[in-house]
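Everything on this sheet refers to the single structure shown next.
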Amino acid sequence: MKTIYHFIIKELLQVKRDKKMLVIIFMAPILQLIFLGYAANMDVDIVHTTILDQDKTESSRNYITSLLETGYFQIDYYAKDYNEITELLNDGKTLVSIIIPKDFEKRINRHQPAPVQAIFEGSDASKASIALGYIQGVTTKFSQNLILETKDNLGMKSPISGSIIPEPRVWYNPEMKSRIFMVPGILGLVLMISTISLMSMAIVREREIGTMEQLIVTPVKTYQLLLGKLIPFTLIGFVILVIVMVIMTQWFGIMVRGNKLFLVFAAFLFVLSNLGIGLFISTISKTQQQAMMASVFAVMMPMIYLSGFAFPIENMPQFFQYITYAIPLRYFITILRGVVLKGMGISSLWIEALILFGMGALLLVISSMRFSKKIE
Amino acid sequence: MKAIEVNNLTKKFGDFTAVNNINFDVKQGEIFGFLGANGAGKSTTIRMLIGVLEPTSGDAMVGGYSIMNDSEMVKRHIGYMSQKFSLYNDLTVAENIRFYAGVYGLDGKKYQERKQWVLKVANLENMENMLTSSLPGGIKQRLALGTAVIHEPKIVFLDEPTSGVDPVSRRNFWDLINDLSDAGTTVLVTTHYLDEAEFCNDIILINAGRLVAQGNAKALKTNYIKNPILEIESDRVVDSLEILEKEKWVGETSIFGNYIHVILNDDTITEKNITQLLYEQNGIKIKRIERIIPTLEDVFIHLIEKDNK
């Protein structure tokens, strides 16, 4: 036990001494969380719009006003003809162009269908479809009002009888801000990145500078050596967790609705599996560069893509969905979102926690076996 | 009394035999020199003796424990300093000492005592809070040796401890090795420097995994080269060498800066014959020609060339 204590002290002293490492360990998660927290914003708050009003009547102006009243549309250009619209769309200066044809008002007055054309710059499909939704909403409301007016004018009562009105309630994220959904995921991401790189680098570094050989010659047991690395890095993982949780709650104002203790416990299990992965990388790498490359490109990037952090797992082809079952980050993100956003606890997330525990234990056992084989 | 007893030790890596059936003994308290070219199998042998590498066959007793069956006990009773610098550069002197002392389970009064001893031998008294990376090379090396023997092992293995250290520091380092030996510690040291080999009580030479020679420096010089050796200094060193190499009575030749060493195969050849050959037939002026006692270098080059044939 005393031996392990000396290892922990040594490891923490080294982290403290190494200014570059300190920055990587503590500043990088903070910056990543803040940058990604702002960058990972898929909301469409402003729709850059171009209008080609060929009708130029009271009705067409009313329609344009009703677009503006939603607050989403910002009219950057009034085009003179189709050529101008094509140019603006090509240059990416506008997301949608709305063309109101010449006989818009006439058709309304004649109670004929009055078409309005909307052309989208659809290279970002999700953005375009959100804008499309806004336009459909505005247009439906506008035509409903027209019907009401007409009926009013004709002296008809019970204006909207028979029409169905949805009353939506959005739970957990009522303002539908993508940031609130993304930030807890980023928390899992930064925790993974820092613990995997710390562990893989620390062991390879000792091998590179030659101290590993020195340690092997001492009576130190393999398990002491391993615990001497795992314990300090788990501690550092907790410090990182606390830092990013403070930023999440204080900076982004995203409060943890569920049981914080359960979240911390799940984070502990998650850190264990990351340390197992880091240890494994260290057994297949000769140099720190190799370890870094292996961690980033072979392990962390695919894990991030397949974890459900950014892309919904249920949209993936079946084969890739199976792969995601092997990714610890997937389970931790589910737990994070469940606890932070939905206030869930161990009663509904115990399966994920159990899987994380199993993965952590398995990864650590396999990697430790590889590690001890390698040094003997 | 024997500190180390090596019996038929062999290590194979696939088809390659790195250490081929070697035998030698190391006496308690002596400085034992282990010589050989790079890749001759020195480090492999040492790694087996310190319990890091398992032999393919054979065994060795180190400090009374078998490296095959008792490698954990071996590790407790030895110290080891590798070619690579084995301390943490980003820790202070005191932190390094504390860590390695902790690894060997030293505590309390014993720890304080050994810490002071290490600081003393490394000339670092009152400088224990310096970062190890800021120390000069020679001091680092002494600190590394001090920490390697912090647990007072009976036997210490030094694998090329003075490579890359300046001559003065090397001399100081050897004073430290002598002190350890005087205090009863057995020291097994590998080196490239043949002047260092002269400090050793006993020497073995290995080549391509096999033991080629053993004995003390004096015995090596007299036992392994019986033929006369001449040292010749002339104004055209390379030409002299080429001319001499053509003669049947010349065994081996080697260049040492502005002079050459020639081992003769024929006892009847004298300095006069050579002067005649070089000066009268080829016009090379001879500045100095004399019979010498072979240096260790002569002996090793002779033995290794003989072995490679």
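How things are named: the first chain in the structure tokens is A, the next is B, and so on; residues count from 1 in each chain; ligands count from 1 in the order shown.
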With a cut-off of 9 Å and counting only C-alpha atoms, select all residues of chain B in contact with chain A and give the selection as a PDB file with N, CA and C atoms, in the first residue's frame.
ATOM      1  N   ILE B  50      19.451  -9.791 -13.959  1.00  0.00           N
ATOM      2  CA  ILE B  50      18.658  -8.968 -13.046  1.00  0.00           C
ATOM      3  C   ILE B  50      17.205  -9.427 -12.990  1.00  0.00           C
ATOM      4  N   GLY B  51      16.899 -10.523 -13.675  1.00  0.00           N
ATOM      5  CA  GLY B  51      15.558 -11.101 -13.527  1.00  0.00           C
ATOM      6  C   GLY B  51      14.503 -10.477 -14.404  1.00  0.00           C
ATOM      7  N   VAL B  52      14.907  -9.745 -15.446  1.00  0.00           N
ATOM      8  CA  VAL B  52      13.932  -9.125 -16.329  1.00  0.00           C
ATOM      9  C   VAL B  52      13.628 -10.017 -17.518  1.00  0.00           C
ATOM     10  N   LEU B  53      14.640 -10.772 -17.954  1.00  0.00           N
ATOM     11  CA  LEU B  53      14.505 -11.609 -19.135  1.00  0.00           C
ATOM     12  C   LEU B  53      14.718 -13.049 -18.707  1.00  0.00           C
ATOM     13  N   GLU B  54      13.847 -13.937 -19.186  1.00  0.00           N
ATOM     14  CA  GLU B  54      13.993 -15.334 -18.782  1.00  0.00           C
ATOM     15  C   GLU B  54      14.952 -16.053 -19.721  1.00  0.00           C
ATOM     16  N   GLU B  72      12.137 -12.853  -8.119  1.00  0.00           N
ATOM     17  CA  GLU B  72      11.665 -11.799  -7.227  1.00  0.00           C
ATOM     18  C   GLU B  72      12.670 -11.532  -6.107  1.00  0.00           C
ATOM     19  N   MET B  73      13.264 -12.612  -5.569  1.00  0.00           N
ATOM     20  CA  MET B  73      14.267 -12.436  -4.516  1.00  0.00           C
ATOM     21  C   MET B  73      15.520 -11.795  -5.085  1.00  0.00           C
ATOM     22  N   VAL B  74      15.857 -12.173  -6.326  1.00  0.00           N
ATOM     23  CA  VAL B  74      17.014 -11.554  -6.976  1.00  0.00           C
ATOM     24  C   VAL B  74      16.815 -10.046  -7.017  1.00  0.00           C
ATOM     25  N   LYS B  75      15.604  -9.633  -7.450  1.00  0.00           N
ATOM     26  CA  LYS B  75      15.330  -8.200  -7.595  1.00  0.00           C
ATOM     27  C   LYS B  75      15.507  -7.437  -6.272  1.00  0.00           C
ATOM     28  N   ARG B  76      15.178  -8.107  -5.160  1.00  0.00           N
ATOM     29  CA  ARG B  76      15.300  -7.439  -3.859  1.00  0.00           C
ATOM     30  C   ARG B  76      16.745  -7.179  -3.460  1.00  0.00           C
ATOM     31  N   ILE B  78      19.502  -6.776  -5.541  1.00  0.00           N
ATOM     32  CA  ILE B  78      20.416  -6.154  -6.489  1.00  0.00           C
ATOM     33  C   ILE B  78      20.042  -4.699  -6.731  1.00  0.00           C
ATOM     34  N   GLY B  79      21.027  -3.965  -7.270  1.00  0.00           N
ATOM     35  CA  GLY B  79      20.765  -2.625  -7.768  1.00  0.00           C
ATOM     36  C   GLY B  79      21.084  -2.638  -9.249  1.00  0.00           C
ATOM     37  N   TYR B  80      20.465  -1.731 -10.000  1.00  0.00           N
ATOM     38  CA  TYR B  80      20.673  -1.742 -11.445  1.00  0.00           C
ATOM     39  C   TYR B  80      20.628  -0.323 -11.978  1.00  0.00           C
ATOM     40  N   MET B  81      21.577  -0.041 -12.828  1.00  0.00           N
ATOM     41  CA  MET B  81      21.582   1.274 -13.477  1.00  0.00           C
ATOM     42  C   MET B  81      21.735   1.018 -14.965  1.00  0.00           C
ATOM     43  N   SER B  82      20.743   1.471 -15.749  1.00  0.00           N
ATOM     44  CA  SER B  82      20.749   1.138 -17.176  1.00  0.00           C
ATOM     45  C   SER B  82      21.482   2.202 -17.983  1.00  0.00           C
ATOM     46  N   GLN B  83      21.615   1.924 -19.283  1.00  0.00           N
ATOM     47  CA  GLN B  83      22.269   2.887 -20.182  1.00  0.00           C
ATOM     48  C   GLN B  83      21.491   4.188 -20.217  1.00  0.00           C
ATOM     49  N   LYS B  84      20.169   4.038 -20.217  1.00  0.00           N
ATOM     50  CA  LYS B  84      19.342   5.241 -20.219  1.00  0.00           C
ATOM     51  C   LYS B  84      19.354   5.840 -18.820  1.00  0.00           C
ATOM     52  N   PHE B  85      19.229   7.145 -18.748  1.00  0.00           N
ATOM     53  CA  PHE B  85      19.154   7.813 -17.455  1.00  0.00           C
ATOM     54  C   PHE B  85      17.849   7.403 -16.786  1.00  0.00           C
ATOM     55  N   SER B  86      17.943   6.901 -15.545  1.00  0.00           N
ATOM     56  CA  SER B  86      16.774   6.237 -14.985  1.00  0.00           C
ATOM     57  C   SER B  86      16.036   7.046 -13.927  1.00  0.00           C
ATOM     58  N   LEU B  87      16.350   8.338 -13.816  1.00  0.00           N
ATOM     59  CA  LEU B  87      15.621   9.153 -12.840  1.00  0.00           C
ATOM     60  C   LEU B  87      14.597  10.017 -13.575  1.00  0.00           C
ATOM     61  N   TYR B  88      13.669  10.586 -12.807  1.00  0.00           N
ATOM     62  CA  TYR B  88      12.662  11.458 -13.405  1.00  0.00           C
ATOM     63  C   TYR B  88      13.213  12.872 -13.473  1.00  0.00           C
ATOM     64  N   ASP B  90      11.748  15.515 -14.315  1.00  0.00           N
ATOM     65  CA  ASP B  90      10.816  16.562 -13.886  1.00  0.00           C
ATOM     66  C   ASP B  90      10.536  16.518 -12.383  1.00  0.00           C
ATOM     67  N   LEU B  91      11.257  15.660 -11.669  1.00  0.00           N
ATOM     68  CA  LEU B  91      11.152  15.682 -10.208  1.00  0.00           C
ATOM     69  C   LEU B  91      12.434  16.289  -9.637  1.00  0.00           C
ATOM     70  N   GLU B  95      12.742  14.415  -4.413  1.00  0.00           N
ATOM     71  CA  GLU B  95      11.555  13.650  -4.797  1.00  0.00           C
ATOM     72  C   GLU B  95      11.930  12.324  -5.457  1.00  0.00           C
ATOM     73  N   ASN B  96      12.997  12.364  -6.273  1.00  0.00           N
ATOM     74  CA  ASN B  96      13.486  11.123  -6.876  1.00  0.00           C
ATOM     75  C   ASN B  96      13.956  10.142  -5.806  1.00  0.00           C
ATOM     76  N   ARG B  98      13.100  10.109  -2.651  1.00  0.00           N
ATOM     77  CA  ARG B  98      11.944   9.650  -1.865  1.00  0.00           C
ATOM     78  C   ARG B  98      11.183   8.544  -2.600  1.00  0.00           C
ATOM     79  N   PHE B  99      11.013   8.739  -3.917  1.00  0.00           N
ATOM     80  CA  PHE B  99      10.257   7.763  -4.695  1.00  0.00           C
ATOM     81  C   PHE B  99      10.957   6.406  -4.722  1.00  0.00           C
ATOM     82  N   TYR B 100      12.234   6.407  -5.086  1.00  0.00           N
ATOM     83  CA  TYR B 100      12.917   5.111  -5.191  1.00  0.00           C
ATOM     84  C   TYR B 100      13.100   4.454  -3.818  1.00  0.00           C
ATOM     85  N   GLY B 102      10.970   4.735  -1.464  1.00  0.00           N
ATOM     86  CA  GLY B 102       9.634   4.203  -1.193  1.00  0.00           C
ATOM     87  C   GLY B 102       9.404   2.891  -1.917  1.00  0.00           C
ATOM     88  N   VAL B 103       9.892   2.820  -3.167  1.00  0.00           N
ATOM     89  CA  VAL B 103       9.740   1.600  -3.954  1.00  0.00           C
ATOM     90  C   VAL B 103      10.436   0.420  -3.264  1.00  0.00           C
ATOM     91  N   TYR B 104      11.571   0.725  -2.612  1.00  0.00           N
ATOM     92  CA  TYR B 104      12.297  -0.344  -1.912  1.00  0.00           C
ATOM     93  C   TYR B 104      11.858  -0.476  -0.455  1.00  0.00           C
ATOM     94  N   GLY B 105      10.825   0.272  -0.084  1.00  0.00           N
ATOM     95  CA  GLY B 105      10.270   0.134   1.256  1.00  0.00           C
ATOM     96  C   GLY B 105      11.111   0.739   2.370  1.00  0.00           C
ATOM     97  N   ALA B 148      20.296   3.971  -7.291  1.00  0.00           N
ATOM     98  CA  ALA B 148      20.226   2.552  -7.662  1.00  0.00           C
ATOM     99  C   ALA B 148      20.685   1.656  -6.513  1.00  0.00           C
TER     100      ALA B 148
END
task = Could you give me, as a ChimeraX atom specification, each residue of range 43-190 of chain A that DSSP assigns to strand (DSSP E or B) when run on this structure's backbone?
result = /A:47-53,73-78,96-100,117-120
Selection above as a file: N, CA and C atoms, as an mmCIF file, in the first residue's frame:
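Ended up saving to selection.cif:
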data_model
loop_
_atom_site.group_PDB
_atom_site.id
_atom_site.type_symbol
_atom_site.label_atom_id
_atom_site.label_comp_id
_atom_site.auth_asym_id
_atom_site.auth_seq_id
_atom_site.Cartn_x
_atom_site.Cartn_y
_atom_site.Cartn_z
ATOM 1 N N VAL A 47 -33.277 33.143 -40.489
ATOM 2 C CA VAL A 47 -33.333 32.623 -41.852
ATOM 3 C C VAL A 47 -33.082 33.798 -42.794
ATOM 4 N N HIS A 48 -31.923 33.718 -43.467
ATOM 5 C CA HIS A 48 -31.600 34.798 -44.409
ATOM 6 C C HIS A 48 -32.470 34.638 -45.653
ATOM 7 N N THR A 49 -33.250 35.667 -45.930
ATOM 8 C CA THR A 49 -34.317 35.540 -46.915
ATOM 9 C C THR A 49 -34.182 36.599 -48.012
ATOM 10 N N THR A 50 -34.543 36.192 -49.212
ATOM 11 C CA THR A 50 -34.648 37.136 -50.325
ATOM 12 C C THR A 50 -36.101 37.100 -50.819
ATOM 13 N N ILE A 51 -36.649 38.262 -51.111
ATOM 14 C CA ILE A 51 -38.033 38.326 -51.570
ATOM 15 C C ILE A 51 -38.060 38.831 -53.014
ATOM 16 N N LEU A 52 -38.815 38.132 -53.853
ATOM 17 C CA LEU A 52 -39.104 38.682 -55.183
ATOM 18 C C LEU A 52 -40.624 38.874 -55.248
ATOM 19 N N ASP A 53 -41.015 40.121 -55.011
ATOM 20 C CA ASP A 53 -42.442 40.413 -54.964
ATOM 21 C C ASP A 53 -42.873 40.953 -56.325
ATOM 22 N N PHE A 73 -37.341 35.299 -39.779
ATOM 23 C CA PHE A 73 -36.917 35.682 -41.126
ATOM 24 C C PHE A 73 -36.279 37.051 -41.121
ATOM 25 N N GLN A 74 -35.139 37.116 -41.789
ATOM 26 C CA GLN A 74 -34.499 38.409 -41.943
ATOM 27 C C GLN A 74 -34.351 38.632 -43.436
ATOM 28 N N ILE A 75 -35.017 39.660 -43.946
ATOM 29 C CA ILE A 75 -34.987 39.885 -45.389
ATOM 30 C C ILE A 75 -33.761 40.704 -45.732
ATOM 31 N N ASP A 76 -32.803 40.056 -46.396
ATOM 32 C CA ASP A 76 -31.555 40.722 -46.731
ATOM 33 C C ASP A 76 -31.646 41.397 -48.091
ATOM 34 N N TYR A 77 -32.422 40.822 -48.978
ATOM 35 C CA TYR A 77 -32.478 41.367 -50.346
ATOM 36 C C TYR A 77 -33.914 41.377 -50.856
ATOM 37 N N TYR A 78 -34.234 42.406 -51.646
ATOM 38 C CA TYR A 78 -35.436 42.372 -52.478
ATOM 39 C C TYR A 78 -34.952 42.219 -53.903
ATOM 40 N N VAL A 96 -33.169 31.187 -48.305
ATOM 41 C CA VAL A 96 -34.399 30.914 -49.029
ATOM 42 C C VAL A 96 -34.832 32.165 -49.807
ATOM 43 N N SER A 97 -35.348 31.918 -50.997
ATOM 44 C CA SER A 97 -35.911 33.019 -51.782
ATOM 45 C C SER A 97 -37.402 32.754 -51.936
ATOM 46 N N ILE A 98 -38.202 33.781 -51.614
ATOM 47 C CA ILE A 98 -39.647 33.611 -51.705
ATOM 48 C C ILE A 98 -40.149 34.470 -52.859
ATOM 49 N N ILE A 99 -40.835 33.805 -53.777
ATOM 50 C CA ILE A 99 -41.321 34.528 -54.955
ATOM 51 C C ILE A 99 -42.845 34.597 -54.891
ATOM 52 N N ILE A 100 -43.348 35.825 -54.863
ATOM 53 C CA ILE A 100 -44.799 36.012 -54.847
ATOM 54 C C ILE A 100 -45.201 36.406 -56.273
ATOM 55 N N GLN A 117 -43.873 30.662 -54.348
ATOM 56 C CA GLN A 117 -42.743 29.761 -54.545
ATOM 57 C C GLN A 117 -41.654 30.059 -53.511
ATOM 58 N N ALA A 118 -41.040 28.975 -52.967
ATOM 59 C CA ALA A 118 -39.899 29.147 -52.058
ATOM 60 C C ALA A 118 -38.756 28.275 -52.579
ATOM 61 N N ILE A 119 -37.616 28.922 -52.871
ATOM 62 C CA ILE A 119 -36.454 28.174 -53.367
ATOM 63 C C ILE A 119 -35.390 28.161 -52.272
ATOM 64 N N PHE A 120 -34.921 26.951 -51.928
ATOM 65 C CA PHE A 120 -33.979 26.833 -50.807
ATOM 66 C C PHE A 120 -32.569 26.572 -51.293
#
key: Nearest to Gly308 in chain A, chosen from A:Ile240, A:Gly276, A:Thr287, A:Leu189, with only C-alpha atoms counted in the distances   =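 Of A:Ile240, A:Gly276, A:Thr287, A:Leu189, the one nearest Gly308 in chain A is A:Leu189, counting only C-alpha atoms.
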